[in-house]
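Here is the structure we will look at, set down as structure tokens.
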Amino acid sequence: NDVSLVQPGFYGEYVRLNKNVSLVGANALSVVIGQGIEVIDGADVSIQGLRLNGYDDTYIAAILFLDGTAGSVYDNVIDSNTNSGILADRASVVIAGNVVRGNGLTTAFFGIDVVNKEFPETSAEVYHNLVDGNGQSGVVVSRFTQSRSTLIRDNIIRNNGAGVTIAEAGKAEVRDNLIEHNDIALRNKDLFSDPLFVDNMVKDNNKGILFQELSSGEALTNIIVDNTQWGISVNDAGTRVIIRENEIQRNGSGVEIHSKGYAELYDNVIEHNS
């Protein structure tokens, strides 16, 4: 890709990119984009070293990849935007090393939103980000028809409505994250949603891991401690919820199963819960 170097300063224009390019800022403290970035027409775009701040549009995310586009979002600060911080809609993206903070607070949107409606070949990887204090959810994955084609790993996800939400037949692998101080740490909802939650530290949330609304999935080898209401709740979930080899300790309740919920539990340590 051609490289476009962005010098320090405030840029109030809306940026629309339809060619392959790397947009590189001097650093995310000195280069501020105030109106957002949109990637269209199948372009492959890298966005690095920028701050996306204060974009006041209730309909459009601060960084938007659309319809068969691809690219990467590295080492940016994406904060205080009215809509979601990053939306990848039918796009293949890598999102890494960013601070995604305080987005969607008044509009119940998200920090990072990954959607696939019509492009089953797309995928996403989200890693080494700080996702902090966003509205309805820190990270959302929905409508991925391929088996767990999104990987969410090694992030710090805190102070959001939900830490990670899998919805609308979403499939993802959520691995090795620190998920703390959210209302719900990991939420799996809607028919055919089927994530793998593995090796996460889930602590000090109001609620731990939730399977609901005919969803399925697996929770394996997580550490689930000190959550106020419960460690894991299965509420009207689907026919294949597997809970195996987790440490579930010092929560309000260890494991709750409600209202036609079904789960298989194997080899967990469940102790010292209220």
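In the structure tokens, each chain is lettered A, B, ... as it comes, each chain's residues begin at 1, and ligands are numbered from 1 in order of appearance.
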
Segment 23-60 of chain A: residues DSSP assigns to strand (DSSP E), reported as a ChimeraX atom specification: /A:23-25,31-33,37-39,44-48,51-53

Can you write out the residues you just picked, keeping N, CA and C atoms, as a PDB file, in the first residue's frame?
```pdb
ATOM      1  N   LEU A  23      -2.625   4.878   6.304  1.00  0.00           N
ATOM      2  CA  LEU A  23      -2.765   6.213   6.874  1.00  0.00           C
ATOM      3  C   LEU A  23      -2.059   6.205   8.228  1.00  0.00           C
ATOM      4  N   VAL A  24      -0.926   6.907   8.327  1.00  0.00           N
ATOM      5  CA  VAL A  24      -0.041   6.796   9.484  1.00  0.00           C
ATOM      6  C   VAL A  24       0.155   8.167  10.114  1.00  0.00           C
ATOM      7  N   GLY A  25      -0.200   8.286  11.394  1.00  0.00           N
ATOM      8  CA  GLY A  25       0.002   9.528  12.121  1.00  0.00           C
ATOM      9  C   GLY A  25       1.304   9.522  12.889  1.00  0.00           C
ATOM     10  N   VAL A  31      -2.149  13.741  16.586  1.00  0.00           N
ATOM     11  CA  VAL A  31      -2.890  13.771  15.328  1.00  0.00           C
ATOM     12  C   VAL A  31      -4.337  13.409  15.633  1.00  0.00           C
ATOM     13  N   VAL A  32      -5.238  14.375  15.536  1.00  0.00           N
ATOM     14  CA  VAL A  32      -6.627  14.182  15.929  1.00  0.00           C
ATOM     15  C   VAL A  32      -7.523  14.306  14.701  1.00  0.00           C
ATOM     16  N   ILE A  33      -8.314  13.271  14.450  1.00  0.00           N
ATOM     17  CA  ILE A  33      -9.324  13.284  13.393  1.00  0.00           C
ATOM     18  C   ILE A  33     -10.676  13.489  14.074  1.00  0.00           C
ATOM     19  N   ILE A  37     -13.444   8.186   9.894  1.00  0.00           N
ATOM     20  CA  ILE A  37     -12.807   7.595   8.715  1.00  0.00           C
ATOM     21  C   ILE A  37     -13.697   6.466   8.208  1.00  0.00           C
ATOM     22  N   GLU A  38     -13.943   6.449   6.904  1.00  0.00           N
ATOM     23  CA  GLU A  38     -14.771   5.409   6.276  1.00  0.00           C
ATOM     24  C   GLU A  38     -13.974   4.740   5.156  1.00  0.00           C
ATOM     25  N   VAL A  39     -13.975   3.410   5.129  1.00  0.00           N
ATOM     26  CA  VAL A  39     -13.279   2.635   4.102  1.00  0.00           C
ATOM     27  C   VAL A  39     -14.336   1.929   3.256  1.00  0.00           C
ATOM     28  N   ASP A  44      -8.184  -1.847   0.806  1.00  0.00           N
ATOM     29  CA  ASP A  44      -7.403  -2.444   1.894  1.00  0.00           C
ATOM     30  C   ASP A  44      -6.623  -1.301   2.541  1.00  0.00           C
ATOM     31  N   VAL A  45      -6.989  -0.949   3.790  1.00  0.00           N
ATOM     32  CA  VAL A  45      -6.488   0.272   4.414  1.00  0.00           C
ATOM     33  C   VAL A  45      -5.934  -0.046   5.802  1.00  0.00           C
ATOM     34  N   SER A  46      -4.764   0.524   6.096  1.00  0.00           N
ATOM     35  CA  SER A  46      -4.192   0.460   7.432  1.00  0.00           C
ATOM     36  C   SER A  46      -4.300   1.841   8.079  1.00  0.00           C
ATOM     37  N   ILE A  47      -4.781   1.866   9.331  1.00  0.00           N
ATOM     38  CA  ILE A  47      -4.939   3.107  10.076  1.00  0.00           C
ATOM     39  C   ILE A  47      -4.109   2.984  11.340  1.00  0.00           C
ATOM     40  N   GLN A  48      -3.131   3.904  11.522  1.00  0.00           N
ATOM     41  CA  GLN A  48      -2.181   3.757  12.622  1.00  0.00           C
ATOM     42  C   GLN A  48      -1.785   5.121  13.180  1.00  0.00           C
ATOM     43  N   ARG A  51      -5.694   9.736  16.601  1.00  0.00           N
ATOM     44  CA  ARG A  51      -6.747   9.824  17.609  1.00  0.00           C
ATOM     45  C   ARG A  51      -8.047  10.177  16.909  1.00  0.00           C
ATOM     46  N   LEU A  52      -9.063   9.354  17.098  1.00  0.00           N
ATOM     47  CA  LEU A  52     -10.412   9.609  16.597  1.00  0.00           C
ATOM     48  C   LEU A  52     -11.243  10.036  17.795  1.00  0.00           C
ATOM     49  N   ASN A  53     -11.574  11.298  17.866  1.00  0.00           N
ATOM     50  CA  ASN A  53     -12.131  11.851  19.097  1.00  0.00           C
ATOM     51  C   ASN A  53     -13.338  12.734  18.823  1.00  0.00           C
TER      52      ASN A  53
END
```

Close residues, Gln212 of chain A itself excluded, 7 Å, only C-alpha atoms, min 3 positions apart in chain, as a PyMOL selection string: chain A and resi 188-190+215+234-237

Output all heavy atoms for every residue in the selection just made, as a PDB file, in the first residue's frame.
```
ATOM      1  N   ASN A 188     -23.630 -14.171  25.865  1.00  0.00           N
ATOM      2  CA  ASN A 188     -23.933 -14.914  24.644  1.00  0.00           C
ATOM      3  C   ASN A 188     -25.443 -14.978  24.500  1.00  0.00           C
ATOM      4  O   ASN A 188     -26.143 -15.525  25.360  1.00  0.00           O
ATOM      5  CB  ASN A 188     -23.346 -16.326  24.732  1.00  0.00           C
ATOM      6  CG  ASN A 188     -23.592 -17.127  23.479  1.00  0.00           C
ATOM      7  OD1 ASN A 188     -23.630 -16.576  22.381  1.00  0.00           O
ATOM      8  ND2 ASN A 188     -23.774 -18.424  23.624  1.00  0.00           N
ATOM      9  N   LYS A 189     -25.955 -14.403  23.423  1.00  0.00           N
ATOM     10  CA  LYS A 189     -27.411 -14.313  23.284  1.00  0.00           C
ATOM     11  C   LYS A 189     -27.837 -14.626  21.867  1.00  0.00           C
ATOM     12  O   LYS A 189     -27.039 -14.571  20.932  1.00  0.00           O
ATOM     13  CB  LYS A 189     -27.902 -12.916  23.677  1.00  0.00           C
ATOM     14  CG  LYS A 189     -27.271 -11.779  22.885  1.00  0.00           C
ATOM     15  CD  LYS A 189     -27.868 -10.426  23.229  1.00  0.00           C
ATOM     16  CE  LYS A 189     -29.281 -10.298  22.734  1.00  0.00           C
ATOM     17  NZ  LYS A 189     -29.808  -8.911  22.905  1.00  0.00           N
ATOM     18  N   ASP A 190     -29.080 -15.004  21.705  1.00  0.00           N
ATOM     19  CA  ASP A 190     -29.757 -15.205  20.430  1.00  0.00           C
ATOM     20  C   ASP A 190     -29.489 -16.589  19.842  1.00  0.00           C
ATOM     21  O   ASP A 190     -28.422 -17.185  19.991  1.00  0.00           O
ATOM     22  CB  ASP A 190     -29.376 -14.140  19.397  1.00  0.00           C
ATOM     23  CG  ASP A 190     -29.715 -12.733  19.857  1.00  0.00           C
ATOM     24  OD1 ASP A 190     -30.730 -12.576  20.537  1.00  0.00           O
ATOM     25  OD2 ASP A 190     -28.957 -11.806  19.532  1.00  0.00           O
ATOM     26  N   SER A 215     -29.125 -19.611  22.871  1.00  0.00           N
ATOM     27  CA  SER A 215     -27.743 -19.692  22.401  1.00  0.00           C
ATOM     28  C   SER A 215     -27.086 -20.970  22.905  1.00  0.00           C
ATOM     29  O   SER A 215     -27.560 -21.611  23.846  1.00  0.00           O
ATOM     30  CB  SER A 215     -26.948 -18.479  22.897  1.00  0.00           C
ATOM     31  OG  SER A 215     -26.905 -18.460  24.316  1.00  0.00           O
ATOM     32  N   VAL A 234     -27.036 -19.768  33.028  1.00  0.00           N
ATOM     33  CA  VAL A 234     -27.609 -20.343  31.806  1.00  0.00           C
ATOM     34  C   VAL A 234     -29.114 -20.124  31.897  1.00  0.00           C
ATOM     35  O   VAL A 234     -29.786 -20.702  32.762  1.00  0.00           O
ATOM     36  CB  VAL A 234     -27.282 -21.835  31.673  1.00  0.00           C
ATOM     37  CG1 VAL A 234     -27.868 -22.403  30.380  1.00  0.00           C
ATOM     38  CG2 VAL A 234     -25.773 -22.051  31.724  1.00  0.00           C
ATOM     39  N   ASN A 235     -29.646 -19.280  31.014  1.00  0.00           N
ATOM     40  CA  ASN A 235     -31.036 -18.849  31.117  1.00  0.00           C
ATOM     41  C   ASN A 235     -31.721 -19.027  29.768  1.00  0.00           C
ATOM     42  O   ASN A 235     -31.460 -18.274  28.832  1.00  0.00           O
ATOM     43  CB  ASN A 235     -31.091 -17.386  31.567  1.00  0.00           C
ATOM     44  CG  ASN A 235     -32.477 -16.954  31.967  1.00  0.00           C
ATOM     45  OD1 ASN A 235     -33.467 -17.562  31.600  1.00  0.00           O
ATOM     46  ND2 ASN A 235     -32.545 -15.876  32.732  1.00  0.00           N
ATOM     47  N   ASP A 236     -32.551 -20.071  29.670  1.00  0.00           N
ATOM     48  CA  ASP A 236     -33.259 -20.353  28.413  1.00  0.00           C
ATOM     49  C   ASP A 236     -32.288 -20.495  27.252  1.00  0.00           C
ATOM     50  O   ASP A 236     -32.508 -19.996  26.152  1.00  0.00           O
ATOM     51  CB  ASP A 236     -34.290 -19.256  28.123  1.00  0.00           C
ATOM     52  CG  ASP A 236     -35.300 -19.685  27.058  1.00  0.00           C
ATOM     53  OD1 ASP A 236     -35.460 -20.905  26.858  1.00  0.00           O
ATOM     54  OD2 ASP A 236     -35.906 -18.806  26.412  1.00  0.00           O
ATOM     55  N   ALA A 237     -31.158 -21.157  27.503  1.00  0.00           N
ATOM     56  CA  ALA A 237     -30.136 -21.318  26.464  1.00  0.00           C
ATOM     57  C   ALA A 237     -30.409 -22.568  25.629  1.00  0.00           C
ATOM     58  O   ALA A 237     -31.372 -23.309  25.856  1.00  0.00           O
ATOM     59  CB  ALA A 237     -28.753 -21.379  27.088  1.00  0.00           C
TER      60      ALA A 237
END
```

Residues near Val100 of chain A, cut-off 6 Å, only C-alpha atoms, skip fewer than 2 positions along chain, as an NGL selection string: :A and (78-79 or 111 or 131)

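Summary of the local environment: counting only C-alpha atoms, residues at most 7 Å from Asp2 of chain A, other than itself and those fewer than 5 positions away along its chain, are Asn20, Val21 and Ser22 of chain A.
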
Same residues, C-alpha atoms, output as a PDB file, in the first residue's frame:
```pdb
ATOM      1  CA  ASN A  20      -5.377   0.813  -0.874  1.00  0.00           C
ATOM      2  CA  VAL A  21      -3.413   3.050   1.483  1.00  0.00           C
ATOM      3  CA  SER A  22      -1.693   3.168   4.880  1.00  0.00           C
TER       4      SER A  22
END
```

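Distance check against Asp183 of chain A using only C-alpha atoms: of A:Gln7, A:Gln229, A:Asn222, A:Ser80, the minimum falls on A:Gln229.
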
Contact residues around Thr58 of chain A with only C-alpha atoms at 8 Å, ignoring same-chain residues under 5 positions, as a list of chain:residue names: A:Thr82, A:Asn83, A:Thr107

Saved selection, atoms kept: N, CA and C atoms, as a PDB file, in the first residue's frame:
```pdb
ATOM      1  N   THR A  82     -19.828   9.527  19.634  1.00  0.00           N
ATOM      2  CA  THR A  82     -21.229   9.301  19.962  1.00  0.00           C
ATOM      3  C   THR A  82     -21.683   7.902  19.594  1.00  0.00           C
ATOM      4  N   ASN A  83     -21.292   7.415  18.439  1.00  0.00           N
ATOM      5  CA  ASN A  83     -21.619   6.061  17.988  1.00  0.00           C
ATOM      6  C   ASN A  83     -20.495   5.126  18.435  1.00  0.00           C
ATOM      7  N   THR A 107     -25.772   6.716  23.394  1.00  0.00           N
ATOM      8  CA  THR A 107     -26.548   6.075  22.335  1.00  0.00           C
ATOM      9  C   THR A 107     -26.584   4.555  22.465  1.00  0.00           C
TER      10      THR A 107
END
```

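Among A:Ala70, A:Leu130, A:Ile60, A:Ala169, the residue with the shortest atom-to-atom distance to Lys19 of chain A, counting only C-alpha atoms, is A:Ala70.
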
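Ranking A:Arg244, A:Arg153, A:Arg187, A:Arg143 by their shortest atom-to-atom distance to Gly170 of chain A, with only C-alpha atoms included, puts A:Arg143 first.
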
All residues 9 Å or closer to Asp75 of chain A, only C-alpha atoms, same chain fewer than 2 positions away omitted, as a ChimeraX atom specification: /A:27-28,47-50,73,77,95-99,129

Please save N, CA and C atoms of the selected residues as a JSON list (two decimals), in the first residue's frame.
```json
[["chain", "number", "residue", "atom", "x", "y", "z"],
["A", 27, "ASN", "N", 1.80, 10.32, 16.04],
["A", 27, "ASN", "CA", 1.41, 9.53, 17.21],
["A", 27, "ASN", "C", -0.01, 9.92, 17.57],
["A", 28, "ALA", "N", -0.65, 9.05, 18.36],
["A", 28, "ALA", "CA", -2.08, 9.23, 18.63],
["A", 28, "ALA", "C", -2.38, 10.36, 19.60],
["A", 47, "ILE", "N", -4.78, 1.87, 9.33],
["A", 47, "ILE", "CA", -4.94, 3.11, 10.08],
["A", 47, "ILE", "C", -4.11, 2.98, 11.34],
["A", 48, "GLN", "N", -3.13, 3.90, 11.52],
["A", 48, "GLN", "CA", -2.18, 3.76, 12.62],
["A", 48, "GLN", "C", -1.78, 5.12, 13.18],
["A", 49, "GLY", "N", -1.68, 5.20, 14.51],
["A", 49, "GLY", "CA", -1.11, 6.37, 15.16],
["A", 49, "GLY", "C", -1.97, 7.61, 15.12],
["A", 50, "LEU", "N", -3.30, 7.45, 15.14],
["A", 50, "LEU", "CA", -4.21, 8.58, 15.09],
["A", 50, "LEU", "C", -5.09, 8.60, 16.34],
["A", 73, "VAL", "N", -6.26, -1.74, 12.07],
["A", 73, "VAL", "CA", -6.37, -0.55, 12.92],
["A", 73, "VAL", "C", -5.41, -0.77, 14.08],
["A", 77, "VAL", "N", -5.90, 5.91, 19.40],
["A", 77, "VAL", "CA", -6.80, 6.23, 20.50],
["A", 77, "VAL", "C", -8.14, 6.60, 19.89],
["A", 95, "ILE", "N", -7.59, -5.60, 14.48],
["A", 95, "ILE", "CA", -7.72, -4.45, 15.37],
["A", 95, "ILE", "C", -6.82, -4.72, 16.57],
["A", 96, "ALA", "N", -5.73, -3.96, 16.71],
["A", 96, "ALA", "CA", -4.71, -4.32, 17.70],
["A", 96, "ALA", "C", -4.05, -3.08, 18.29],
["A", 97, "GLY", "N", -3.78, -3.13, 19.58],
["A", 97, "GLY", "CA", -2.97, -2.12, 20.24],
["A", 97, "GLY", "C", -3.64, -0.77, 20.42],
["A", 98, "ASN", "N", -4.96, -0.73, 20.33],
["A", 98, "ASN", "CA", -5.68, 0.54, 20.43],
["A", 98, "ASN", "C", -6.20, 0.78, 21.84],
["A", 99, "VAL", "N", -6.43, 2.04, 22.17],
["A", 99, "VAL", "CA", -7.23, 2.42, 23.32],
["A", 99, "VAL", "C", -8.60, 2.82, 22.79],
["A", 129, "ASN", "N", -5.83, -4.77, 22.84],
["A", 129, "ASN", "CA", -6.49, -3.47, 22.98],
["A", 129, "ASN", "C", -6.90, -3.24, 24.44]]
```

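Non-sequential neighbours of segment 133-140 of chain A (distance at most 6 Å, separation of 6 or more positions within a chain, only C-alpha atoms) are A:Arg101, A:Gly102, A:Asn103, A:Gly104, A:Leu105, A:Ala108, A:Phe109, A:Phe110, A:Gly111, A:Ile112, A:Asp113, A:Asn159, A:Asn160, A:Gly161, A:Ala162, A:Gly163, A:Val164, A:Thr165, A:Ile166.
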
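For the pair atom CA of Ile243 of chain A and atom CA of Asp267 of chain A, the interatomic distance is 8.6 Å.
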
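Between atom CA of Ala91 of chain A and atom CA of Leu151 of chain A the separation is 14.2 Å.
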
Nearest-residue call for Ala219 of chain A, choices A:Val198, A:Ile257, A:Ile40, A:Val3, using only C-alpha atoms: A:Val198
